[in-house]
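my_file.cif follows; it contains mmCIF, C-alpha atoms.
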```
data_data
loop_
_atom_site.label_atom_id
_atom_site.label_comp_id
_atom_site.auth_asym_id
_atom_site.auth_seq_id
_atom_site.Cartn_x
_atom_site.Cartn_y
_atom_site.Cartn_z
CA MET A 1 8.80 30.52 -2.86
CA GLN A 2 8.61 26.77 -2.36
CA PRO A 3 7.90 24.70 -5.49
CA ARG A 4 4.38 23.36 -5.86
CA LEU A 5 3.11 19.95 -6.97
CA ASP A 6 -0.39 19.52 -8.39
CA PHE A 7 -2.20 16.54 -6.81
CA TRP A 8 -5.02 15.30 -9.04
CA LEU A 9 -7.55 13.22 -7.13
CA GLU A 10 -10.86 11.51 -7.87
CA PHE A 11 -13.14 10.46 -5.02
CA ALA A 12 -14.12 7.23 -6.79
CA SER A 13 -10.46 6.20 -7.06
CA THR A 14 -9.21 3.62 -4.58
CA TYR A 15 -5.50 4.44 -4.69
CA SER A 16 -6.31 8.14 -4.23
CA TYR A 17 -7.25 7.21 -0.64
CA PRO A 18 -3.73 6.35 0.64
CA ALA A 19 -2.35 9.17 -1.52
CA ALA A 20 -4.67 11.73 0.12
CA MET A 21 -3.75 10.46 3.56
CA ARG A 22 0.02 10.53 2.89
CA ILE A 23 0.69 13.61 0.82
CA ALA A 24 0.57 16.40 3.44
CA ALA A 25 3.30 14.92 5.64
CA LEU A 26 5.52 13.84 2.75
CA ALA A 27 5.25 17.17 0.98
CA LYS A 28 6.02 19.05 4.18
CA ALA A 29 9.11 16.91 4.76
CA ALA A 30 10.20 17.57 1.16
CA GLY A 31 9.59 21.33 1.40
CA VAL A 32 7.07 21.16 -1.44
CA GLY A 33 3.66 22.85 -1.56
CA VAL A 34 0.66 20.88 -2.79
CA ARG A 35 -2.36 22.09 -4.77
CA TRP A 36 -5.26 19.62 -4.43
CA ARG A 37 -7.12 19.29 -7.74
CA PRO A 38 -10.28 17.17 -7.64
CA PHE A 39 -11.48 16.00 -11.06
CA LEU A 40 -13.70 13.34 -12.61
CA LEU A 41 -12.29 10.23 -14.25
CA GLY A 42 -15.66 9.23 -15.74
CA PRO A 43 -15.42 11.45 -18.84
CA ILE A 44 -11.79 10.40 -19.39
CA PHE A 45 -12.64 6.70 -19.08
CA LYS A 46 -15.60 7.17 -21.42
CA ALA A 47 -13.27 8.60 -24.08
CA GLN A 48 -11.24 5.36 -23.79
CA GLY A 49 -14.38 3.29 -24.33
CA TRP A 50 -14.99 2.33 -20.69
CA ASP A 51 -18.36 2.86 -19.03
CA ASN A 52 -17.17 1.31 -15.76
CA SER A 53 -14.02 1.06 -13.69
CA PRO A 54 -11.32 -1.08 -15.33
CA PHE A 55 -11.19 -2.89 -11.97
CA ASN A 56 -14.74 -4.10 -12.64
CA ILE A 57 -14.20 -4.70 -16.36
CA TYR A 58 -11.13 -6.89 -15.68
CA PRO A 59 -11.95 -9.07 -12.65
CA ALA A 60 -8.43 -10.44 -12.08
CA LYS A 61 -7.14 -6.87 -11.93
CA GLY A 62 -9.97 -5.85 -9.62
CA ARG A 63 -9.43 -8.74 -7.19
CA TYR A 64 -5.75 -7.87 -7.10
CA MET A 65 -6.39 -4.16 -6.53
CA TRP A 66 -8.58 -4.71 -3.46
CA ARG A 67 -6.02 -7.04 -1.92
CA ASP A 68 -3.18 -4.66 -2.76
CA LEU A 69 -5.07 -1.71 -1.27
CA ALA A 70 -5.77 -3.68 1.92
CA ARG A 71 -2.06 -4.47 2.26
CA ILE A 72 -1.06 -0.84 1.63
CA CYS A 73 -3.53 0.42 4.25
CA GLU A 74 -2.24 -2.11 6.76
CA THR A 75 1.34 -0.99 6.15
CA LEU A 76 0.33 2.67 6.57
CA GLY A 77 -1.88 2.02 9.61
CA LEU A 78 -4.97 3.26 7.75
CA PRO A 79 -8.44 1.78 8.29
CA PHE A 80 -9.71 -0.24 5.32
CA ALA A 81 -13.12 -1.63 4.39
CA GLN A 82 -14.08 -2.55 0.84
CA PRO A 83 -17.29 -0.67 -0.02
CA THR A 84 -20.21 -2.73 -1.36
CA LEU A 85 -20.67 -0.23 -4.18
CA PHE A 86 -17.75 0.48 -6.52
CA PRO A 87 -17.15 2.82 -8.21
CA GLN A 88 -19.21 5.44 -6.39
CA ASN A 89 -20.75 8.63 -7.70
CA SER A 90 -18.16 11.25 -6.82
CA ILE A 91 -19.64 14.38 -8.40
CA LEU A 92 -21.13 15.98 -5.29
CA ALA A 93 -18.04 15.25 -3.18
CA ALA A 94 -15.80 16.76 -5.89
CA ARG A 95 -17.94 19.90 -6.11
CA VAL A 96 -17.98 20.31 -2.32
CA ALA A 97 -14.20 19.82 -2.27
CA LEU A 98 -13.80 22.73 -4.69
CA VAL A 99 -15.84 24.93 -2.34
CA GLY A 100 -13.80 23.77 0.65
CA LEU A 101 -10.41 24.14 -1.02
CA ALA A 102 -11.20 27.81 -1.67
CA GLN A 103 -12.22 28.26 1.97
CA GLY A 104 -9.39 26.43 3.75
CA TRP A 105 -11.16 23.27 4.92
CA GLY A 106 -10.97 21.36 1.63
CA GLU A 107 -8.08 19.05 2.45
CA ASP A 108 -9.71 17.92 5.69
CA PHE A 109 -12.91 17.32 3.74
CA CYS A 110 -11.08 15.21 1.14
CA ARG A 111 -9.43 13.06 3.81
CA ALA A 112 -12.74 12.61 5.65
CA VAL A 113 -14.54 11.56 2.45
CA TYR A 114 -11.87 8.99 1.57
CA THR A 115 -11.86 7.63 5.10
CA ALA A 116 -15.66 7.22 5.03
CA GLU A 117 -15.52 5.51 1.64
CA PHE A 118 -12.53 3.17 1.86
CA GLY A 119 -11.79 3.16 5.59
CA ASP A 120 -15.39 2.60 6.63
CA GLY A 121 -16.94 1.19 3.41
CA ARG A 122 -19.69 3.88 3.21
CA ASN A 123 -21.30 5.25 0.03
CA ILE A 124 -20.09 8.79 -0.49
CA GLY A 125 -22.41 9.13 -3.49
CA GLU A 126 -25.29 9.68 -1.03
CA PRO A 127 -25.85 13.40 -0.36
CA ALA A 128 -26.61 12.61 3.30
CA MET A 129 -23.14 11.07 3.62
CA VAL A 130 -21.48 14.20 2.19
CA ALA A 131 -23.62 16.33 4.50
CA GLY A 132 -22.51 14.23 7.46
CA VAL A 133 -18.86 14.83 6.61
CA LEU A 134 -19.53 18.59 6.37
CA GLU A 135 -21.23 18.56 9.75
CA SER A 136 -18.31 16.73 11.33
CA LEU A 137 -16.10 19.55 10.05
CA GLY A 138 -18.37 22.19 11.59
CA GLN A 139 -19.54 23.55 8.25
CA ASP A 140 -22.94 25.10 7.42
CA THR A 141 -24.11 22.06 5.48
CA ASP A 142 -27.02 23.58 3.55
CA ALA A 143 -25.08 26.67 2.52
CA VAL A 144 -22.07 24.66 1.35
CA ILE A 145 -24.15 22.17 -0.64
CA ALA A 146 -26.09 25.00 -2.28
CA GLN A 147 -22.81 26.61 -3.29
CA ALA A 148 -21.41 23.27 -4.49
CA GLN A 149 -24.41 22.93 -6.83
CA SER A 150 -24.00 26.43 -8.25
CA ASP A 151 -23.25 26.93 -11.94
CA ALA A 152 -19.87 28.42 -11.07
CA ILE A 153 -18.67 25.35 -9.19
CA LYS A 154 -20.14 22.96 -11.76
CA ALA A 155 -18.24 24.83 -14.48
CA GLN A 156 -15.06 24.80 -12.41
CA LEU A 157 -15.17 21.02 -12.01
CA ARG A 158 -15.80 20.57 -15.73
CA ALA A 159 -12.89 22.87 -16.56
CA GLN A 160 -10.62 21.05 -14.14
CA THR A 161 -11.54 17.68 -15.69
CA GLU A 162 -10.83 19.05 -19.18
CA GLU A 163 -7.48 20.35 -17.95
CA ALA A 164 -6.63 16.91 -16.54
CA ASN A 165 -7.40 15.38 -19.92
CA ARG A 166 -5.23 17.97 -21.69
CA LEU A 167 -2.36 17.19 -19.32
CA GLY A 168 -2.48 13.53 -20.41
CA ILE A 169 -3.98 12.31 -17.14
CA PHE A 170 -5.70 8.93 -17.56
CA GLY A 171 -5.97 7.70 -13.95
CA ALA A 172 -5.89 8.81 -10.33
CA PRO A 173 -4.13 9.79 -8.28
CA SER A 174 -1.84 11.73 -10.60
CA PHE A 175 0.80 14.33 -9.89
CA VAL A 176 2.01 17.09 -12.20
CA THR A 177 5.21 19.01 -11.44
CA PRO A 178 5.76 22.71 -12.17
CA ASP A 179 7.66 21.75 -15.37
CA GLY A 180 4.86 19.46 -16.55
CA GLU A 181 6.12 15.99 -15.60
CA LEU A 182 3.24 13.58 -15.02
CA PHE A 183 3.41 10.85 -12.39
CA TRP A 184 0.58 8.34 -11.98
CA GLY A 185 -0.26 6.37 -8.86
CA ASN A 186 0.09 6.53 -5.12
CA ASP A 187 3.38 4.65 -5.56
CA ARG A 188 4.84 7.50 -7.64
CA MET A 189 4.26 10.21 -5.01
CA GLU A 190 7.82 10.10 -3.70
CA ALA A 191 9.25 10.36 -7.24
CA ALA A 192 6.91 13.28 -8.04
CA LEU A 193 7.99 15.14 -4.89
CA ALA A 194 11.66 14.51 -5.64
CA TRP A 195 11.19 15.77 -9.21
CA THR A 196 9.44 18.93 -7.94
CA LYS A 197 12.32 19.68 -5.56
CA LYS A 198 15.16 19.24 -8.04
CA MET B 1 16.30 -23.02 4.03
CA GLN B 2 15.82 -19.45 2.85
CA PRO B 3 12.31 -18.52 1.69
CA ARG B 4 11.77 -18.27 -2.05
CA LEU B 5 9.88 -15.73 -4.14
CA ASP B 6 8.56 -16.58 -7.61
CA PHE B 7 9.41 -13.87 -10.15
CA TRP B 8 7.07 -14.04 -13.15
CA LEU B 9 8.50 -12.25 -16.17
CA GLU B 10 7.50 -11.70 -19.80
CA PHE B 11 10.08 -10.57 -22.35
CA ALA B 12 7.59 -8.29 -24.10
CA SER B 13 6.89 -6.44 -20.82
CA THR B 14 8.55 -3.08 -20.34
CA TYR B 15 8.49 -2.92 -16.54
CA SER B 16 9.93 -6.45 -16.38
CA TYR B 17 13.20 -4.88 -17.60
CA PRO B 18 14.04 -2.84 -14.48
CA ALA B 19 12.63 -5.68 -12.35
CA ALA B 20 14.96 -8.23 -13.95
CA MET B 21 17.92 -5.91 -13.48
CA ARG B 22 17.11 -5.18 -9.81
CA ILE B 23 15.89 -8.42 -8.31
CA ALA B 24 19.13 -10.36 -7.75
CA ALA B 25 20.75 -7.70 -5.55
CA LEU B 26 17.57 -6.87 -3.62
CA ALA B 27 16.74 -10.53 -2.97
CA LYS B 28 20.28 -11.23 -1.81
CA ALA B 29 20.13 -8.30 0.60
CA ALA B 30 16.78 -9.58 1.90
CA GLY B 31 18.01 -13.17 2.28
CA VAL B 32 15.34 -14.40 -0.12
CA GLY B 33 15.81 -16.88 -2.98
CA VAL B 34 14.26 -16.13 -6.36
CA ARG B 35 12.81 -18.54 -8.91
CA TRP B 36 12.63 -16.90 -12.36
CA ARG B 37 9.46 -17.95 -14.17
CA PRO B 38 9.14 -16.76 -17.77
CA PHE B 39 5.59 -16.88 -19.15
CA LEU B 40 3.53 -15.38 -21.97
CA LEU B 41 1.08 -12.54 -21.38
CA GLY B 42 -0.46 -12.87 -24.85
CA PRO B 43 -2.89 -15.69 -23.98
CA ILE B 44 -3.87 -13.90 -20.74
CA PHE B 45 -4.47 -10.59 -22.53
CA LYS B 46 -6.46 -12.42 -25.22
CA ALA B 47 -8.78 -13.84 -22.55
CA GLN B 48 -9.42 -10.21 -21.43
CA GLY B 49 -10.35 -9.25 -24.98
CA TRP B 50 -7.05 -7.57 -25.91
CA ASP B 51 -5.15 -8.50 -29.06
CA ASN B 52 -2.44 -5.91 -28.41
CA SER B 53 -0.66 -4.31 -25.45
CA PRO B 54 -2.93 -2.05 -23.37
CA PHE B 55 -0.15 0.53 -23.79
CA ASN B 56 -0.93 0.57 -27.52
CA ILE B 57 -4.71 0.31 -27.07
CA TYR B 58 -4.77 3.31 -24.69
CA PRO B 59 -2.36 5.93 -26.13
CA ALA B 60 -2.32 8.25 -23.09
CA LYS B 61 -1.33 5.29 -20.91
CA GLY B 62 1.29 4.23 -23.45
CA ARG B 63 2.87 7.68 -23.71
CA TYR B 64 3.02 7.85 -19.94
CA MET B 65 4.54 4.38 -19.59
CA TRP B 66 7.47 5.13 -21.92
CA ARG B 67 8.24 8.36 -20.10
CA ASP B 68 7.90 6.65 -16.71
CA LEU B 69 10.19 3.81 -17.81
CA ALA B 70 12.81 6.29 -19.08
CA ARG B 71 12.74 8.06 -15.70
CA ILE B 72 13.02 4.77 -13.79
CA CYS B 73 15.99 3.66 -15.91
CA GLU B 74 17.71 6.99 -15.37
CA THR B 75 17.23 6.72 -11.60
CA LEU B 76 18.62 3.17 -11.65
CA GLY B 77 21.48 4.00 -14.01
CA LEU B 78 20.17 1.55 -16.62
CA PRO B 79 20.47 2.19 -20.38
CA PHE B 80 17.16 2.95 -22.06
CA ALA B 81 16.05 3.13 -25.70
CA GLN B 82 12.43 2.80 -26.77
CA PRO B 83 12.24 0.01 -29.36
CA THR B 84 10.56 0.83 -32.68
CA LEU B 85 8.50 -2.35 -32.42
CA PHE B 86 6.29 -2.87 -29.36
CA PRO B 87 5.24 -5.34 -28.14
CA GLN B 88 7.76 -7.82 -29.49
CA ASN B 89 7.40 -11.53 -30.10
CA SER B 90 8.79 -13.07 -26.93
CA ILE B 91 8.14 -16.79 -27.52
CA LEU B 92 11.63 -17.85 -28.60
CA ALA B 93 13.31 -15.82 -25.86
CA ALA B 94 10.98 -17.34 -23.24
CA ARG B 95 11.70 -20.87 -24.47
CA VAL B 96 15.45 -20.28 -24.48
CA ALA B 97 15.19 -18.83 -20.98
CA LEU B 98 13.59 -22.06 -19.77
CA VAL B 99 16.53 -24.03 -21.21
CA GLY B 100 19.02 -21.65 -19.61
CA LEU B 101 17.34 -21.54 -16.21
CA ALA B 102 17.68 -25.33 -16.00
CA GLN B 103 21.37 -25.06 -16.94
CA GLY B 104 22.49 -22.17 -14.73
CA TRP B 105 22.87 -19.37 -17.31
CA GLY B 106 19.21 -18.42 -17.54
CA GLU B 107 19.26 -15.30 -15.37
CA ASP B 108 22.19 -13.83 -17.32
CA PHE B 109 20.30 -14.61 -20.53
CA CYS B 110 17.16 -12.84 -19.24
CA ARG B 111 19.11 -9.72 -18.27
CA ALA B 112 20.92 -9.68 -21.62
CA VAL B 113 17.64 -10.01 -23.57
CA TYR B 114 16.00 -7.16 -21.63
CA THR B 115 19.07 -4.97 -22.07
CA ALA B 116 19.07 -5.60 -25.84
CA GLU B 117 15.35 -4.85 -26.07
CA PHE B 118 14.81 -1.85 -23.81
CA GLY B 119 18.38 -0.68 -23.17
CA ASP B 120 19.41 -0.81 -26.82
CA GLY B 121 16.02 -0.73 -28.62
CA ARG B 122 16.64 -4.00 -30.56
CA ASN B 123 14.01 -6.52 -31.71
CA ILE B 124 14.36 -9.65 -29.59
CA GLY B 125 11.66 -11.33 -31.67
CA GLU B 126 14.31 -11.94 -34.36
CA PRO B 127 15.93 -15.39 -33.94
CA ALA B 128 19.31 -13.87 -34.95
CA MET B 129 19.05 -11.48 -32.02
CA VAL B 130 18.41 -14.33 -29.57
CA ALA B 131 21.28 -16.26 -31.13
CA GLY B 132 23.54 -13.24 -30.67
CA VAL B 133 22.70 -13.08 -26.97
CA LEU B 134 23.46 -16.81 -26.64
CA GLU B 135 26.81 -16.33 -28.36
CA SER B 136 27.71 -13.46 -26.04
CA LEU B 137 27.10 -15.86 -23.15
CA GLY B 138 29.39 -18.50 -24.69
CA GLN B 139 26.57 -20.95 -25.39
CA ASP B 140 26.35 -23.48 -28.23
CA THR B 141 23.72 -21.45 -30.10
CA ASP B 142 22.40 -24.13 -32.48
CA ALA B 143 22.10 -26.77 -29.78
CA VAL B 144 20.32 -24.44 -27.39
CA ILE B 145 17.86 -23.17 -29.99
CA ALA B 146 17.08 -26.72 -31.09
CA GLN B 147 16.38 -27.65 -27.47
CA ALA B 148 14.28 -24.51 -26.98
CA GLN B 149 12.08 -25.56 -29.90
CA SER B 150 11.59 -29.09 -28.54
CA ASP B 151 8.13 -30.32 -27.62
CA ALA B 152 9.18 -30.60 -23.99
CA ILE B 153 10.16 -26.93 -23.69
CA LYS B 154 7.13 -25.77 -25.67
CA ALA B 155 4.90 -27.73 -23.29
CA GLN B 156 6.74 -26.34 -20.26
CA LEU B 157 6.16 -22.74 -21.38
CA ARG B 158 2.47 -23.47 -22.03
CA ALA B 159 2.13 -25.07 -18.60
CA GLN B 160 3.88 -22.15 -16.94
CA THR B 161 1.58 -19.66 -18.68
CA GLU B 162 -1.47 -21.66 -17.55
CA GLU B 163 -0.11 -21.69 -14.01
CA ALA B 164 0.31 -17.90 -14.12
CA ASN B 165 -3.30 -17.56 -15.18
CA ARG B 166 -4.46 -19.87 -12.36
CA LEU B 167 -2.49 -17.78 -9.85
CA GLY B 168 -4.48 -14.69 -10.91
CA ILE B 169 -1.57 -13.09 -12.75
CA PHE B 170 -2.76 -10.50 -15.28
CA GLY B 171 0.40 -8.49 -15.94
CA ALA B 172 4.18 -8.55 -15.66
CA PRO B 173 6.34 -8.47 -13.76
CA SER B 174 4.49 -10.30 -10.98
CA PHE B 175 5.72 -11.85 -7.77
CA VAL B 176 4.14 -14.72 -5.83
CA THR B 177 5.22 -15.47 -2.27
CA PRO B 178 5.45 -18.97 -0.75
CA ASP B 179 2.03 -18.43 0.91
CA GLY B 180 0.42 -17.33 -2.36
CA GLU B 181 0.40 -13.53 -2.08
CA LEU B 182 0.45 -11.87 -5.49
CA PHE B 183 2.28 -8.60 -6.10
CA TRP B 184 2.19 -6.87 -9.49
CA GLY B 185 4.71 -4.46 -10.89
CA ASN B 186 8.36 -3.53 -10.60
CA ASP B 187 7.29 -1.05 -7.91
CA ARG B 188 5.96 -3.88 -5.70
CA MET B 189 9.21 -5.85 -5.61
CA GLU B 190 10.27 -4.49 -2.23
CA ALA B 191 6.86 -5.31 -0.71
CA ALA B 192 6.95 -8.83 -2.18
CA LEU B 193 10.43 -9.47 -0.73
CA ALA B 194 9.36 -8.11 2.67
CA TRP B 195 6.27 -10.35 2.62
CA THR B 196 8.38 -13.39 1.73
CA LYS B 197 10.73 -12.75 4.64
CA LYS B 198 8.09 -12.25 7.32
#
```
The structure given in the file should be rewritten as structure tokens.
Amino acid sequence: MQPRLDFWLEFASTYSYPAAMRIAALAKAAGVGVRWRPFLLGPIFKAQGWDNSPFNIYPAKGRYMWRDLARICETLGLPFAQPTLFPQNSILAARVALVGLAQGWGEDFCRAVYTAEFGDGRNIGEPAMVAGVLESLGQDTDAVIAQAQSDAIKAQLRAQTEEANRLGIFGAPSFVTPDGELFWGNDRMEAALAWTKK
Amino acid sequence: MQPRLDFWLEFASTYSYPAAMRIAALAKAAGVGVRWRPFLLGPIFKAQGWDNSPFNIYPAKGRYMWRDLARICETLGLPFAQPTLFPQNSILAARVALVGLAQGWGEDFCRAVYTAEFGDGRNIGEPAMVAGVLESLGQDTDAVIAQAQSDAIKAQLRAQTEEANRLGIFGAPSFVTPDGELFWGNDRMEAALAWTKK
């Protein structure tokens, strides 16, 4: 059995984009399995007294983040376009991802959503945008969206968000090793994989 | 002429500790000069509405940071001890550093202060602690502290802090390249050095 790292991602999170694009190859090279765990940062931020992204609340930090993300994408050869709207409503995308992850096409869906949002600057909060991504993956759009809006999936996303909070997660992307070590940020992925292996 | 990177450090900043311990060797290997620029984060945090460290204001983030710092120090082979008091008053240490950087012993002083604070868990806000570091470096303690408390040095530290703010610096450590690129965090040191070289 290869060890498994939990990858906690939020579709509104900028640094989750390069993390989602990098993790499959790095984990494979490290001999580590990855469980993708979409969750919502909104409730966690709200508990800290924020009703917006800290990158909007603190403009110097926000300006820096966009520049830093552009540089990271350039280094990785990833497309980058700053979306007009930030942060975006990520609930539908997260629910669809849960459906897809149970059916084997979830990771491709996650990468396609991030690429639309931060590679192409689109608004993934629009249901038509999510539907377009599903179509591009050859999925039965209506059936998947109906399932994503079911009570079972809604409850699963809530439970996953509560679990993230219990684990001490306060930002995305985050990584949790089998023995409970928490790593925060795209720039901690290598350390999280190394910890999982040891 | 080798290119030069500005290294902005704050003695109250946890991640400035591994940065201060790493930068000389990495910069030498990269063929990049480094200008050490102590400044104060307090006035910059105050302008963002914080009267304390965000690591104290947001406990989940604070718990994570101490664990992350312990892991980083272990990886680097650096001593680590979480100080009882955080954040510490860094004004005297910053002023003394300005004196030392003009006299050639400033970088050793910075490393010794960080090691006392985060390697040994001491309170570098105590003047006796700063004096002890100066003694260990063979300096004339009374003369240096008198100079550090002069109007000229006080004004220099204020000016440096204002410059940091103008450059968009909102945290420490930060790095600014000759063409004005800002990098934030110990984990961006390699990228900042690579940018400076190119």
Test item: the PyMOL selection byres ((chain B) within 9 of (chain A)) resolved as a PyMOL selection string: chain B and resi 48+57-58+60-61+63-64+67-68+168-171+182-184+187-188
Selection as a count of residues only: residues within 10 Å of (-0.4, -6.0, -31.3), counting only C-alpha atoms: 14
Explicit residue set for the PyMOL selection byres ((chain A and resi 139) around 12), as a list in words: Val96, Val99, Gly100, Gln103, Gly104, Trp105, Gly106, Asp108, Phe109, Val130, Ala131, Gly132, Val133, Leu134, Glu135, Ser136, Leu137, Gly138, Asp140, Thr141, Asp142, Ala143, Val144 and Ile145 of chain A
Spatial neighbours of Ser90 (chain A), max dist 6 Å, all atoms listed in the file, sep filter under 2 positions, as a list in words: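 Here the answer would be Phe11, Ala12, Gln88, Leu92, Ala93 and Gly125 of chain A.
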Gap from CA of Gly62 (chain A) to CA of Ser13 (chain A) - Å, one decimal: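 Atom-to-atom, CA of Gly62 (chain A) and CA of Ser13 (chain A) are spaced 12.3 Å apart.
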Residues returned when the PyMOL selection byres ((chain B and resi 174) around 6) runs on this file, as a list in words: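 The output of the PyMOL selection byres ((chain B and resi 174) around 6) on this file is Trp8, Ala172, Pro173, Phe175, Phe183, Trp184 and Gly185 of chain B.
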Spatial neighbours of Asn186 (chain B), max dist 7 Å, all atoms listed in the file, sep filter under 2 positions, as a list in words: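 My reading of the contact set: Tyr15, Ser16, Pro18, Ala19, Pro173, Arg188 and Met189 of chain B.
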d(CA of Glu117 (chain A), CA of Ala81 (chain A)) in Å: 8.0 Å
Interatomic distance (Å, one decimal) between CA of Met21 (chain B) and CA of Lys198 (chain B):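 Distance reported for this atom pair: 23.9 Å.
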Lys154 (chain A) surroundings by only C-alpha atoms, 12 Å radius, close-in-sequence under 3 positions cut, as a PyMOL selection string: chain A and resi 39-40+91-99+145-151+157-161
